[in-house]
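Below is one structure, written out as C-alpha cells; comments come after it.
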Protein chains: 2
Amino acid sequence: MRIARVLLPAPGVPLDGRPPTELRLVAGTADPQLAIDLQETARLDLIAGGATPQRSAELARAAFPPSLTAVLSGGARSIEWMKRLADGPAAATACLAGAQFVSPVDPLVYRDFSAFDEHVVNTWGRANRDPPSVTRQLPIFFKGSTATLIGHDAVVPWPHYVEWMDYELEVGVVIGAGVQDIEPGEALDAVFGLTMLNDLSGRDMQFREMSGRLGPAKGKDFATAVGPWVVTLDELDLDNIELKARVNGEQWSLGNLGAALWSVAEIVAWGAAGEPLLPGDLLGTGTVGGGSGLEFERGLDAGDVLELEGAGIGILRNVVGERARTGYMPVAKKVASR
Amino acid sequence: MRIARVLLPAPGVPLDGRPPTELRLVAGTADPQLAIDLQETARLDLIAGGATPQRSAELARAAFPPSLTAVLSGGARSIEWMKRLADGPAAATACLAGAQFVSPVDPLVYRDFSAFDEHVVNTWGRANRDPPSVTRQLPIFFKGSTATLIGHDAVVPWPHYVEWMDYELEVGVVIGAGVQDIEPGEALDAVFGLTMLNDLSGRDMQFREMSGRLGPAKGKDFATAVGPWVVTLDELDLDNIELKARVNGEQWSLGNLGAALWSVAEIVAWGAAGEPLLPGDLLGTGTVGGGSGLEFERGLDAGDVLELEGAGIGILRNVVGERARTGYMPVAKKVASR
C-alpha cells in the first residue's frame, strides 16, 4: 500500500481567481497517474453497506480526514479499512496529473537521526577531525520543525539568512502504532512505512548555530521535503534500498539504506526509550554517505531541480526557490564584562 | 486573563475504579480555588442568546475544545469571546481543588531559546571556557518535544538513561496570532501570554548528545513542565518579572525576566524569520542566570518538590519521580576502518 496526500480540484466557483481544492488522502494504483480517493471510496463502501447518503458522507469524512496521523491514530481498525479500500477496485479515483502533492505525513514530532557513519565521517573530515565518539555509541538526533514540511514538487523557500543551500538524501520512517520502551526486535511492528525525505539545509547558518551546541535550528527549519508516497513495510526490504540524489538530472549521490550504522529498528527503539512515539510521527534516518553537497563542497542555486529516489519508495522532486532579499536579522549584543 | 487546562470530574460511572474526567479550558478568577469552565459558560451564553439546548452544546464544544491552540487558531473572534467569558460573571465554575492540571498549551512546535547570557557564561564556565560568540550574535534555540509536555503537580518521569536530573527556570511565551517575517517592534502583538516552564534536563545524557553537535534530545525530551496558567500580556511588565526556583521549599534560583540578553520581542521575531510561528506555539526563554542546579553542581533526587515562580504568572510545582530501573540502551558500534 502506498499513501499520499494531495490537493484535488473541488467543485465550486473560483474565488480570487483560484480554483477551489480539497485536501485528500489517496492510495496509489498500478497506474502512476491514477490514485484512489480514500474518503470518497469509503463513502461508496458505506453506501454499498446500506448507509444513507447523508450518514455515509459524515462517516467517511470522520474516518478519512486529510491527516495520516489521524487515520493511524485510529489504530488497527482504521488501518485495516484503509488497506481494504487501497487494495480493492478503484471505486473513486483521483487523477494525479491535476493534483498537488503536500507532505504525506503530519507528525506531532519529527526526529532526524544520524544513522550513516560515512556521512558523519565525511562531514567531520572536512575539518580534518574524527567524529565524536557518541556518534557510534548512540543514534543521536535533532528534532526538526513539523510546521514546515513541504511536499513533492513544492518550491523550496530560501530564507534571507542562508547563503549556502544544500540537500540531504534521507529516508523517512513513519510510525503506525504508538509505542514506548521497546526493544529493537519489536520496533518494526510499530512502523507503518517509509517515505523519501530531503533535510534541506542552510549550511552557513547551520554551522553558526551548531557552534552554540544547541543543534541546528534556523539552518534547517525553513523547510523539509517529504513524499510523495509512504510505502508500507510489506513492500520493502530494509536491508537493501538503493538511494540516489540528482541535481538537474545529474547524479550527485548514491547510497543504500542497508549501509546504515544504526538500523531503522534501532533508531525507532531509541526514539521510544523513556518517551512515547505516537502514530504518524516521522523519523529521518539521517543523510546517507555522500548524500549531501556538503560532502564535496557543492551548493545549490535557485532553480535547481532536486530529485531524491529510493528504490520501491519513489522519487521526491523539488525546485529551489529564489532567495528572500530581506528580513529580520538580530543585532549582535555587546556585553561589558566578559 | 489567565487560562489553564484541567481534568475535571465528569458525570458517569467509574470504570476500572477510575472516576471519569473531562479535559477543559478554564479561566482564573479572584478566588484561587475557583475557575470558569469556558465551554460550559459559552453554552450558557448561547442559551441566553436564545440557542436551543442541543445546538448550544454543539456550538460550545466546537468553540472551546480542550485545546488552547485550537481556540487561538480561531483568531480575534475566538479570543474576544474567550475574554468576555473570562471577564464576565462566573456562570459555570469549576472547583480547582478536585482538578488535575495538564499543560495549558498544546503547541505544534516548541522552541527553547538561550536568552540569558549569565546562564550561558555559567555553563561554559564550568569547563573554564568562554561561550561561543554565536550566543551573543543570535538568540539560538533548540526544538523540544511537544509530545511530553506535563502540567502543574505532575510527577516528572525519570528515564533509565539519566543519572543527573536537573531543572531549568524559564518563562514560556505563547503565540496568539500566526506571524512570519516581522520586526521585534511588531512581535509582541503576536504574543498571547506567558507561562512558567521547567526545561527538565538529564545532564549526563544531554552532554553526551551535545558532543555530537545535534543538540540535546533524549536528555531533555522525556518531559517539560508547563503552567499552571497562561497569563495575558496586558497583566504583565516584561521588563520586570521576578523569577524564583525552590527545591523542597529552599530557594535555589533567583532572577528576573528583565535581565535577558535577548528580549521576548527579539526571540519571537527570530523564531518567525523565514518560517511561520503558529497560534499556540510555545517559545521558552531559556534558563535565567543561576536558574539550574547545573550552575552550582547540584542534582535532584526522587521525591524532590520543584517550584518555579514567576511574579504575576504563577507557581509551577512538580515532583521528581523514581528513576526507571531498566530500558533499552543502544550497543556501541565497532567500525573497522576509522
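Naming scheme: A, B, ... for chains in displayed order of the C-alpha cells; residues 1 onward per chain; ligands 1 onward as shown.
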Using DSSP on the backbone coordinates, identify all residues within segment 62-211 of chain A classified as strand (DSSP E or B); present the result as JSON, numbers by chain. {"A": [93, 94, 95, 100, 101, 102, 110, 111, 112, 113, 141, 142, 143, 144, 149, 150, 155, 156, 157, 158, 165, 166, 168, 169, 170, 171, 172, 173, 174, 175, 179, 191, 192, 193, 194, 195, 196, 197, 198, 201, 202]}
Write the residues you've just listed into a file as a JSON list (two decimals), in the first residue's frame, and include C-alpha atoms for each of them.
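Below is the file again.json, written as the result:
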[["chain", "number", "residue", "atom", "x", "y", "z"],
["A", 93, "THR", "CA", -10.29, 7.59, -8.49],
["A", 94, "ALA", "CA", -8.34, 10.83, -8.44],
["A", 95, "CYS", "CA", -6.27, 11.94, -11.40],
["A", 100, "GLN", "CA", -0.73, 18.96, -5.99],
["A", 101, "PHE", "CA", 1.17, 16.80, -3.50],
["A", 102, "VAL", "CA", 1.68, 18.01, 0.06],
["A", 110, "TYR", "CA", 9.77, 14.89, 13.73],
["A", 111, "ARG", "CA", 13.11, 13.47, 14.84],
["A", 112, "ASP", "CA", 16.05, 13.37, 12.44],
["A", 113, "PHE", "CA", 18.73, 10.82, 13.33],
["A", 141, "PHE", "CA", 19.23, 13.04, 16.57],
["A", 142, "PHE", "CA", 17.78, 16.53, 16.49],
["A", 143, "LYS", "CA", 14.12, 17.45, 16.29],
["A", 144, "GLY", "CA", 13.02, 19.25, 13.15],
["A", 149, "LEU", "CA", 7.05, 20.05, 5.91],
["A", 150, "ILE", "CA", 6.63, 20.54, 2.18],
["A", 155, "VAL", "CA", 9.29, 25.08, -4.31],
["A", 156, "VAL", "CA", 11.89, 25.23, -1.53],
["A", 157, "PRO", "CA", 11.72, 28.59, 0.27],
["A", 158, "TRP", "CA", 15.21, 30.12, 0.58],
["A", 165, "MET", "CA", 21.71, 25.98, 0.29],
["A", 166, "ASP", "CA", 22.09, 22.19, 0.32],
["A", 168, "GLU", "CA", 20.31, 15.82, 2.32],
["A", 169, "LEU", "CA", 19.31, 12.41, 0.95],
["A", 170, "GLU", "CA", 17.37, 10.57, 3.66],
["A", 171, "VAL", "CA", 14.64, 8.03, 4.23],
["A", 172, "GLY", "CA", 11.65, 8.95, 6.42],
["A", 173, "VAL", "CA", 10.22, 6.36, 8.80],
["A", 174, "VAL", "CA", 6.51, 6.77, 9.65],
["A", 175, "ILE", "CA", 5.26, 5.40, 12.97],
["A", 179, "VAL", "CA", 4.90, 2.68, 21.44],
["A", 191, "VAL", "CA", 6.44, 1.24, 11.74],
["A", 192, "PHE", "CA", 3.74, 1.95, 9.15],
["A", 193, "GLY", "CA", 6.03, 2.64, 6.21],
["A", 194, "LEU", "CA", 8.85, 4.59, 4.60],
["A", 195, "THR", "CA", 8.95, 7.76, 2.54],
["A", 196, "MET", "CA", 11.67, 9.92, 0.96],
["A", 197, "LEU", "CA", 12.96, 12.87, 2.96],
["A", 198, "ASN", "CA", 15.07, 15.87, 1.93],
["A", 201, "SER", "CA", 19.98, 22.73, 4.98],
["A", 202, "GLY", "CA", 21.36, 26.24, 5.03]]
Which parts of segment 22-232 of chain B does DSSP call alpha helix (DSSP H) when run on the backbone here, written out as a ChimeraX atom specification? /B:38-48,53-63,68-73,75-87,117-125,134-137,184-187,203-210,218-221
What is the atom CA of Gly74 of chain A to atom CA of Ala4 of chain B distance in Å? 27.9 Å
May I ask for the distance between atom CA of Gly286 of chain A and atom CA of Ser114 of chain A, given in Å to one decimal place?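 Atom CA of Ser114 of chain A lies at a distance of 4.5 Å from atom CA of Gly286 of chain A.
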Can you pull out the residues contacting Ala154 of chain B? Cut-off 12 Å, using only C-alpha atoms, and skip same-chain residues under 6 positions away; I want them as JSON, numbers by chain. {"B": [6, 100, 101, 102, 103, 148, 198, 223, 224, 225, 226, 227, 228, 303, 305, 306, 307, 316, 317, 318, 319, 320, 321]}
Identify which of the residues B:Ser263, B:Gln39, B:Ser67, B:Ser292 lies closest to chain A, counting only C-alpha atoms when measuring atom-to-atom distances.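 Using only C-alpha atoms, chain A sits closest to B:Ser263.
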Env of segment 264-274 of chain A: 10 Å cut, atoms = only C-alpha atoms, seq-sep filter 3 positions within chain, self excluded. Answer as a PyMOL selection string. (chain A and resi 111-115+138-141+171-175+178-191+238-239+257-258+260-261+277-278+283-285) or (chain B and resi 157-162+217-218+221-223+324+326-331)
Go ahead and dump the residues you just picked, C-alpha atoms, as a PDB file, in the first residue's frame.
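Output file out22.pdb is given in full below:
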ATOM      1  CA  ARG A 111      13.112  13.467  14.837  1.00  0.00           C
ATOM      2  CA  ASP A 112      16.052  13.369  12.443  1.00  0.00           C
ATOM      3  CA  PHE A 113      18.725  10.823  13.331  1.00  0.00           C
ATOM      4  CA  SER A 114      22.326  10.342  12.266  1.00  0.00           C
ATOM      5  CA  ALA A 115      22.354   6.701  11.190  1.00  0.00           C
ATOM      6  CA  LEU A 138      24.113   6.264  20.310  1.00  0.00           C
ATOM      7  CA  PRO A 139      21.946   7.040  17.293  1.00  0.00           C
ATOM      8  CA  ILE A 140      21.858  10.771  18.073  1.00  0.00           C
ATOM      9  CA  PHE A 141      19.225  13.038  16.569  1.00  0.00           C
ATOM     10  CA  VAL A 171      14.636   8.032   4.228  1.00  0.00           C
ATOM     11  CA  GLY A 172      11.645   8.953   6.417  1.00  0.00           C
ATOM     12  CA  VAL A 173      10.218   6.360   8.801  1.00  0.00           C
ATOM     13  CA  VAL A 174       6.511   6.771   9.650  1.00  0.00           C
ATOM     14  CA  ILE A 175       5.261   5.401  12.970  1.00  0.00           C
ATOM     15  CA  GLY A 178       2.145   4.381  19.430  1.00  0.00           C
ATOM     16  CA  VAL A 179       4.905   2.681  21.435  1.00  0.00           C
ATOM     17  CA  GLN A 180       7.209   3.321  24.359  1.00  0.00           C
ATOM     18  CA  ASP A 181      10.126   1.384  25.858  1.00  0.00           C
ATOM     19  CA  ILE A 182      10.515  -1.382  23.321  1.00  0.00           C
ATOM     20  CA  GLU A 183      13.485  -3.424  22.135  1.00  0.00           C
ATOM     21  CA  PRO A 184      14.744  -3.184  18.530  1.00  0.00           C
ATOM     22  CA  GLY A 185      13.331  -6.670  17.892  1.00  0.00           C
ATOM     23  CA  GLU A 186       9.791  -5.316  18.356  1.00  0.00           C
ATOM     24  CA  ALA A 187      10.363  -1.906  16.779  1.00  0.00           C
ATOM     25  CA  LEU A 188       9.408  -2.653  13.186  1.00  0.00           C
ATOM     26  CA  ASP A 189       5.909  -3.687  14.323  1.00  0.00           C
ATOM     27  CA  ALA A 190       5.367  -0.015  15.181  1.00  0.00           C
ATOM     28  CA  VAL A 191       6.444   1.243  11.740  1.00  0.00           C
ATOM     29  CA  LEU A 238      15.021  -2.592   4.664  1.00  0.00           C
ATOM     30  CA  ASP A 239      18.427  -4.187   4.144  1.00  0.00           C
ATOM     31  CA  LEU A 257      19.674   2.102   3.344  1.00  0.00           C
ATOM     32  CA  GLY A 258      21.378  -1.202   4.147  1.00  0.00           C
ATOM     33  CA  ALA A 260      23.330   2.420   7.838  1.00  0.00           C
ATOM     34  CA  LEU A 261      25.345   2.020  11.044  1.00  0.00           C
ATOM     35  CA  LEU A 277       6.450   7.602  19.783  1.00  0.00           C
ATOM     36  CA  LEU A 278       2.973   8.459  18.519  1.00  0.00           C
ATOM     37  CA  LEU A 283      11.829   9.767  11.987  1.00  0.00           C
ATOM     38  CA  GLY A 284      14.516  10.657   9.469  1.00  0.00           C
ATOM     39  CA  THR A 285      17.367   8.173   9.107  1.00  0.00           C
TER      40      THR A 285
ATOM     41  CA  PRO B 157       9.224  10.745  34.718  1.00  0.00           C
ATOM     42  CA  TRP B 158      12.902   9.850  35.247  1.00  0.00           C
ATOM     43  CA  PRO B 159      14.171   7.675  32.374  1.00  0.00           C
ATOM     44  CA  HIS B 160      16.610   4.809  32.910  1.00  0.00           C
ATOM     45  CA  TYR B 161      19.298   6.545  30.822  1.00  0.00           C
ATOM     46  CA  VAL B 162      19.524   9.658  33.028  1.00  0.00           C
ATOM     47  CA  ALA B 217      17.419  15.241  22.590  1.00  0.00           C
ATOM     48  CA  LYS B 218      16.920  12.261  24.931  1.00  0.00           C
ATOM     49  CA  ASP B 221      12.660  15.086  25.646  1.00  0.00           C
ATOM     50  CA  PHE B 222      11.330  12.878  28.445  1.00  0.00           C
ATOM     51  CA  ALA B 223       9.379  15.814  29.970  1.00  0.00           C
ATOM     52  CA  ALA B 324      13.141   3.731  35.785  1.00  0.00           C
ATOM     53  CA  THR B 326      15.591  -0.766  33.090  1.00  0.00           C
ATOM     54  CA  GLY B 327      15.100   0.076  29.445  1.00  0.00           C
ATOM     55  CA  TYR B 328      16.689  -0.132  26.025  1.00  0.00           C
ATOM     56  CA  MET B 329      20.222   1.223  25.615  1.00  0.00           C
ATOM     57  CA  PRO B 330      21.910   1.095  22.216  1.00  0.00           C
ATOM     58  CA  VAL B 331      25.021  -1.071  21.994  1.00  0.00           C
TER      59      VAL B 331
END
Restricting the calculation to only C-alpha atoms, which member of A:Arg2, A:Ala97, A:Pro279, A:Asn240 is positioned closest to Thr29 of chain A? A:Arg2
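If you measure from each of B:Leu200, B:Leu25, B:Ile79, B:Leu108 to chain A using only C-alpha atoms, the closest one turns out to be B:Leu108.
Pairwise distance (atom CA of Pro19 of chain A, atom CA of Leu7 of chain A) equals 11.1 Å.
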